[in-house]
>>> print(open('my_file04.cif').read())   # mmCIF, C-alpha atoms
data_work
loop_
_atom_site.label_atom_id
_atom_site.label_comp_id
_atom_site.auth_asym_id
_atom_site.auth_seq_id
_atom_site.Cartn_x
_atom_site.Cartn_y
_atom_site.Cartn_z
CA MET A 71 -33.59 150.24 273.56
CA ILE A 72 -30.59 149.27 275.64
CA GLY A 73 -30.99 149.37 279.44
CA GLU A 74 -29.15 152.11 281.34
CA GLY A 75 -27.16 149.88 283.73
CA PHE A 76 -26.37 147.19 281.20
CA GLN A 77 -23.05 147.49 279.36
CA PRO A 78 -23.21 145.20 276.32
CA ARG A 79 -19.58 145.55 275.31
CA ALA A 80 -18.38 144.66 278.82
CA ALA A 81 -20.84 141.74 279.00
CA PHE A 82 -19.62 140.44 275.63
CA ARG A 83 -15.98 140.71 276.70
CA ALA A 84 -16.73 138.99 280.01
CA LEU A 85 -18.33 136.05 278.20
CA ARG A 86 -15.31 135.76 275.93
CA VAL A 87 -12.98 135.89 278.95
CA ILE A 88 -14.94 133.02 280.52
CA PHE A 89 -14.57 131.00 277.31
CA TYR A 90 -10.82 131.58 277.04
CA ALA A 91 -10.34 130.92 280.76
CA LEU A 92 -12.06 127.54 280.39
CA ASN A 93 -9.82 126.66 277.45
CA THR A 94 -6.68 127.85 279.22
CA GLY A 95 -7.53 125.94 282.38
CA LEU A 96 -8.05 122.73 280.46
CA LEU A 97 -4.80 123.12 278.57
CA LEU A 98 -2.87 123.84 281.78
CA PHE A 99 -4.41 120.79 283.43
CA PHE A 100 -3.45 118.77 280.34
CA MET A 101 0.15 119.98 280.66
CA VAL A 102 0.14 118.90 284.32
CA GLY A 103 -1.17 115.50 283.24
CA ILE A 104 1.60 115.10 280.68
CA TYR A 105 4.16 116.24 283.28
CA LEU A 106 2.88 113.62 285.70
CA SER A 107 3.23 111.07 282.88
CA GLY A 108 6.96 111.73 282.72
CA MET A 109 6.59 114.18 279.82
CA GLN A 110 5.48 111.35 277.55
CA ILE A 111 2.21 110.52 275.90
CA PRO A 112 1.09 107.23 277.45
CA PRO A 113 0.53 104.17 275.26
CA PHE A 114 -2.85 102.72 274.34
CA LYS A 115 -3.83 99.93 276.71
CA GLU A 116 -5.82 97.03 275.35
CA GLU A 117 -8.16 96.59 278.31
CA LEU A 118 -11.28 98.69 278.70
CA ASP A 119 -11.62 99.86 282.29
CA ILE A 120 -14.49 101.56 284.09
CA LEU A 121 -13.00 105.08 283.84
CA THR A 122 -12.77 104.79 280.06
CA ILE A 123 -16.35 103.55 279.87
CA VAL A 124 -17.52 106.46 282.03
CA SER A 125 -15.48 108.91 279.89
CA ILE A 126 -17.10 107.60 276.74
CA PHE A 127 -20.51 107.84 278.39
CA LEU A 128 -19.73 111.45 279.37
CA LEU A 129 -19.17 112.28 275.70
CA VAL A 130 -22.95 111.95 275.44
CA ALA A 131 -23.08 115.02 277.69
CA ILE A 132 -21.77 117.14 274.83
CA PRO A 133 -24.83 116.70 272.56
CA ALA A 134 -27.02 116.96 275.67
CA GLY A 135 -25.39 120.30 276.46
CA TYR A 136 -26.02 121.47 272.91
CA TYR A 137 -29.64 120.39 273.17
CA LEU A 138 -30.20 122.21 276.47
CA SER A 139 -28.36 125.27 275.23
CA ASN A 140 -30.33 125.40 271.98
CA ARG A 141 -33.62 125.03 273.85
CA LYS A 142 -32.65 127.93 276.10
CA CYS A 143 -31.74 130.06 273.06
CA ASP A 144 -34.96 129.09 271.27
CA ALA A 145 -36.90 130.36 274.28
CA ILE A 146 -35.44 133.86 273.87
CA ASP A 147 -38.09 136.30 272.71
CA ALA A 148 -36.72 138.85 270.23
CA GLY A 149 -38.97 141.51 271.79
CA GLU A 150 -37.47 141.22 275.27
CA PRO A 151 -35.06 143.84 276.60
CA PHE A 152 -31.45 143.43 275.56
CA GLN A 153 -30.27 142.64 279.08
CA ILE A 154 -32.77 139.79 279.48
CA LYS A 155 -31.86 138.32 276.09
CA TRP A 156 -28.18 138.54 276.94
CA GLU A 157 -28.62 136.85 280.31
CA GLN A 158 -30.45 133.96 278.66
CA PHE A 159 -27.85 133.66 275.92
CA GLN A 160 -25.00 133.80 278.44
CA SER A 161 -26.49 131.05 280.59
CA ALA A 162 -27.12 128.93 277.48
CA MET A 163 -23.47 129.20 276.42
CA ILE A 164 -22.21 128.46 279.93
CA ILE A 165 -24.38 125.32 280.03
CA ARG A 166 -22.92 124.22 276.70
CA TRP A 167 -19.35 124.85 277.82
CA ALA A 168 -19.86 123.21 281.21
CA MET A 169 -21.05 119.96 279.66
CA ILE A 170 -17.95 119.84 277.45
CA GLU A 171 -15.67 120.91 280.31
CA GLY A 172 -16.96 118.16 282.60
CA ALA A 173 -16.22 115.43 280.06
CA ALA A 174 -12.80 116.93 279.34
CA LEU A 175 -11.81 117.16 283.00
CA PHE A 176 -12.92 113.59 283.67
CA SER A 177 -10.85 112.36 280.73
CA LEU A 178 -7.82 114.22 282.08
CA VAL A 179 -8.29 112.62 285.49
CA GLY A 180 -8.50 109.28 283.68
CA LEU A 181 -5.33 110.11 281.75
CA ILE A 182 -3.44 110.84 284.96
CA ALA A 183 -4.84 107.84 286.83
CA LEU A 184 -4.72 105.22 284.09
CA GLN A 185 -1.82 106.38 281.91
CA ASP A 186 -3.92 105.33 278.89
CA ALA A 187 -3.93 107.17 275.56
CA LYS A 188 -7.66 106.44 275.07
CA GLN A 189 -8.30 109.14 277.66
CA LEU A 190 -6.14 111.51 275.61
CA VAL A 191 -8.27 110.88 272.52
CA ILE A 192 -11.42 111.65 274.51
CA PHE A 193 -9.80 114.84 275.81
CA ILE A 194 -8.88 115.94 272.28
CA ILE A 195 -12.48 115.38 271.15
CA CYS A 196 -13.66 117.57 274.04
CA ILE A 197 -11.12 120.32 273.31
CA LEU A 198 -12.16 120.38 269.65
CA ALA A 199 -15.83 120.60 270.66
CA LEU A 200 -15.08 123.43 273.07
CA SER A 201 -12.93 125.29 270.56
CA THR A 202 -15.73 125.33 268.01
CA ASN A 203 -17.99 127.08 270.52
CA SER A 204 -16.24 130.41 270.79
CA VAL A 205 -18.45 133.46 271.11
CA THR A 206 -18.49 135.82 268.16
CA ARG A 207 -20.67 138.83 267.59
CA GLU A 208 -22.41 137.03 264.74
CA LYS A 209 -23.13 133.97 266.87
CA ALA A 210 -24.38 136.12 269.74
CA THR A 211 -26.62 138.10 267.38
CA ARG A 212 -28.10 134.96 265.87
CA LEU A 213 -28.58 132.89 269.02
CA ALA A 214 -29.68 135.75 271.31
CA LYS A 215 -31.96 137.16 268.59
CA LEU A 216 -30.41 140.62 268.82
CA ASN A 217 -31.57 143.45 266.60
CA PRO A 218 -28.99 145.46 264.60
CA GLU A 219 -28.71 148.17 267.27
CA GLU A 220 -28.09 145.59 269.99
CA SER A 221 -25.61 143.71 267.85
CA LYS A 222 -23.68 146.89 267.12
CA ALA A 223 -23.56 147.68 270.88
CA LEU A 224 -21.50 144.51 271.45
CA GLY A 225 -18.60 146.15 269.65
CA GLU A 226 -16.13 144.43 267.38
CA GLY A 227 -15.50 140.80 267.93
#
>>> encode(input="my_file04.cif", output="C-alpha cells")
Amino acid sequence: MIGEGFQPRAAFRALRVIFYALNTGLLLFFMVGIYLSGMQIPPFKEELDILTIVSIFLLVAIPAGYYLSNRKCDAIDAGEPFQIKWEQFQSAMIIRWAMIEGAALFSLVGLIALQDAKQLVIFIICILALSTNSVTREKATRLAKLNPEESKALGEG
C-alpha cells in the first residue's frame, strides 16, 4: 500500500531532475574550463604532477560509491513501506552520483589549473560513469525492490 502523503511520481521525477542537474552542471563547468583554456583542448603534458595523481586516486571513489550504493540497496527490505524503500534507494543513488561528481569536479579544477589533457581524459571517464547511472523505472524497481503496484505508481519513465 502506498502512503497517503508520499507521491511516487513526483519523487521519481525529482530524482531524475537531480541526475540531469548534476550532468548539466558538470557540462557547464567543463565549458567554462574550455573557455578559460582559450577555447582549445590543452595538450598532454609529459610530467605527472600531484593534481593528476590525486585525480587518478579519486577515480577509485567511483567503485567505492558503487559499493556503498549497492550495500544500501541490498539493505532495502521488500516488505517495508514504499516511502521508506524509496528514501533508501534515493540516498543510495545520490551517494553513487556524488562519488562520481567529486572526481569529475576535481579533474575539471585540474584541467583549468594545469592545462593538461590528462585531466580531460579523467573527466570524460567520470562523465561516462555518471551517464550510465541514469534513473529508469526498471532500475528503480529492481534496486528499490518495488512490487508491481509500486513500480506502476512511478509512472512512465
>>> closest_residue(input="my_file04.cif", among="A:Val130, A:Ala210, A:Phe159, A:Pro151", to="Gly172 of chain A", atoms="only C-alpha atoms")
A:Val130
>>> residues_around(input="my_file04.cif", residues="Glu171 of chain A", least_positions_apart="4", cutoff="8 Å", atoms="all atoms listed in the file", output="PDB file with C-alpha atoms, in the coordinates of the input")
ATOM      1  CA  LEU A  92     -12.060 127.540 280.390  1.00  0.00           C
ATOM      2  CA  LEU A  96      -8.050 122.730 280.460  1.00  0.00           C
ATOM      3  CA  TRP A 167     -19.350 124.850 277.820  1.00  0.00           C
ATOM      4  CA  LEU A 175     -11.810 117.160 283.000  1.00  0.00           C
ATOM      5  CA  CYS A 196     -13.660 117.570 274.040  1.00  0.00           C
ATOM      6  CA  LEU A 200     -15.080 123.430 273.070  1.00  0.00           C
TER       7      LEU A 200
END
>>> atom_distance(input="my_file04.cif", atom1="atom CA of Gln158 of chain A", atom2="atom CA of Ile195 of chain A")
26.9 Å
>>> residues_around(input="my_file04.cif", residues="Ile88 of chain A", least_positions_apart="6", cutoff="12 Å", atoms="all atoms listed in the file", output="JSON, numbers by chain")
{"A": [81, 82, 94, 95, 160, 161, 163, 164, 167, 168, 204, 205]}
>>> resolve_selection(input="my_file04.cif", expression="the PyMOL selection byres ((chain A and resi 122-125) around 7)", output="mmCIF file with C-alpha atoms, keeping the file's coordinate frame")
data_model
loop_
_atom_site.group_PDB
_atom_site.id
_atom_site.type_symbol
_atom_site.label_atom_id
_atom_site.label_comp_id
_atom_site.auth_asym_id
_atom_site.auth_seq_id
_atom_site.Cartn_x
_atom_site.Cartn_y
_atom_site.Cartn_z
ATOM 1 C CA LEU A 118 -11.280 98.690 278.700
ATOM 2 C CA ASP A 119 -11.620 99.860 282.290
ATOM 3 C CA ILE A 120 -14.490 101.560 284.090
ATOM 4 C CA LEU A 121 -13.000 105.080 283.840
ATOM 5 C CA ILE A 126 -17.100 107.600 276.740
ATOM 6 C CA PHE A 127 -20.510 107.840 278.390
ATOM 7 C CA LEU A 128 -19.730 111.450 279.370
ATOM 8 C CA LEU A 129 -19.170 112.280 275.700
ATOM 9 C CA ALA A 173 -16.220 115.430 280.060
ATOM 10 C CA PHE A 176 -12.920 113.590 283.670
ATOM 11 C CA SER A 177 -10.850 112.360 280.730
ATOM 12 C CA GLN A 189 -8.300 109.140 277.660
#
>>> resolve_selection(input="my_file04.cif", expression="the PyMOL selection byres ((chain A and resi 106) around 12)", output="ChimeraX atom specification")
/A:99-105,107-112,178-179,181-185
>>> decode(input="my_file04.cif", residues="segment 88-103 of chain A", atoms="N, CA and C atoms", output="short mmCIF file (atom, residue, chain, number, x, y, z; two decimals), in the first residue's frame")
data_model
loop_
_atom_site.label_atom_id
_atom_site.label_comp_id
_atom_site.auth_asym_id
_atom_site.auth_seq_id
_atom_site.Cartn_x
_atom_site.Cartn_y
_atom_site.Cartn_z
N ILE A 88 17.41 15.75 -10.29
CA ILE A 88 18.71 15.82 -9.61
C ILE A 88 19.80 15.26 -10.52
N PHE A 89 19.52 14.11 -11.12
CA PHE A 89 20.50 13.47 -12.00
C PHE A 89 20.85 14.38 -13.18
N TYR A 90 19.84 14.92 -13.84
CA TYR A 90 20.11 15.78 -15.01
C TYR A 90 20.76 17.10 -14.60
N ALA A 91 20.44 17.60 -13.43
CA ALA A 91 21.07 18.82 -12.94
C ALA A 91 22.56 18.58 -12.68
N LEU A 92 22.90 17.44 -12.12
CA LEU A 92 24.31 17.11 -11.90
C LEU A 92 25.06 17.04 -13.23
N ASN A 93 24.47 16.38 -14.21
CA ASN A 93 25.10 16.29 -15.53
C ASN A 93 25.24 17.66 -16.18
N THR A 94 24.20 18.45 -16.12
CA THR A 94 24.22 19.77 -16.73
C THR A 94 25.26 20.66 -16.07
N GLY A 95 25.32 20.62 -14.75
CA GLY A 95 26.31 21.42 -14.02
C GLY A 95 27.73 21.05 -14.41
N LEU A 96 27.99 19.76 -14.51
CA LEU A 96 29.33 19.34 -14.92
C LEU A 96 29.67 19.79 -16.33
N LEU A 97 28.72 19.67 -17.22
CA LEU A 97 28.98 20.08 -18.61
C LEU A 97 29.17 21.59 -18.72
N LEU A 98 28.41 22.36 -17.94
CA LEU A 98 28.61 23.81 -17.95
C LEU A 98 29.98 24.18 -17.38
N PHE A 99 30.37 23.52 -16.31
CA PHE A 99 31.68 23.76 -15.72
C PHE A 99 32.79 23.37 -16.71
N PHE A 100 32.57 22.30 -17.45
CA PHE A 100 33.52 21.89 -18.49
C PHE A 100 33.65 22.98 -19.56
N MET A 101 32.51 23.54 -19.97
CA MET A 101 32.55 24.60 -20.98
C MET A 101 33.29 25.82 -20.46
N VAL A 102 33.13 26.14 -19.18
CA VAL A 102 33.89 27.24 -18.58
C VAL A 102 35.39 26.91 -18.61
N GLY A 103 35.72 25.67 -18.29
CA GLY A 103 37.12 25.25 -18.32
C GLY A 103 37.73 25.38 -19.70
#
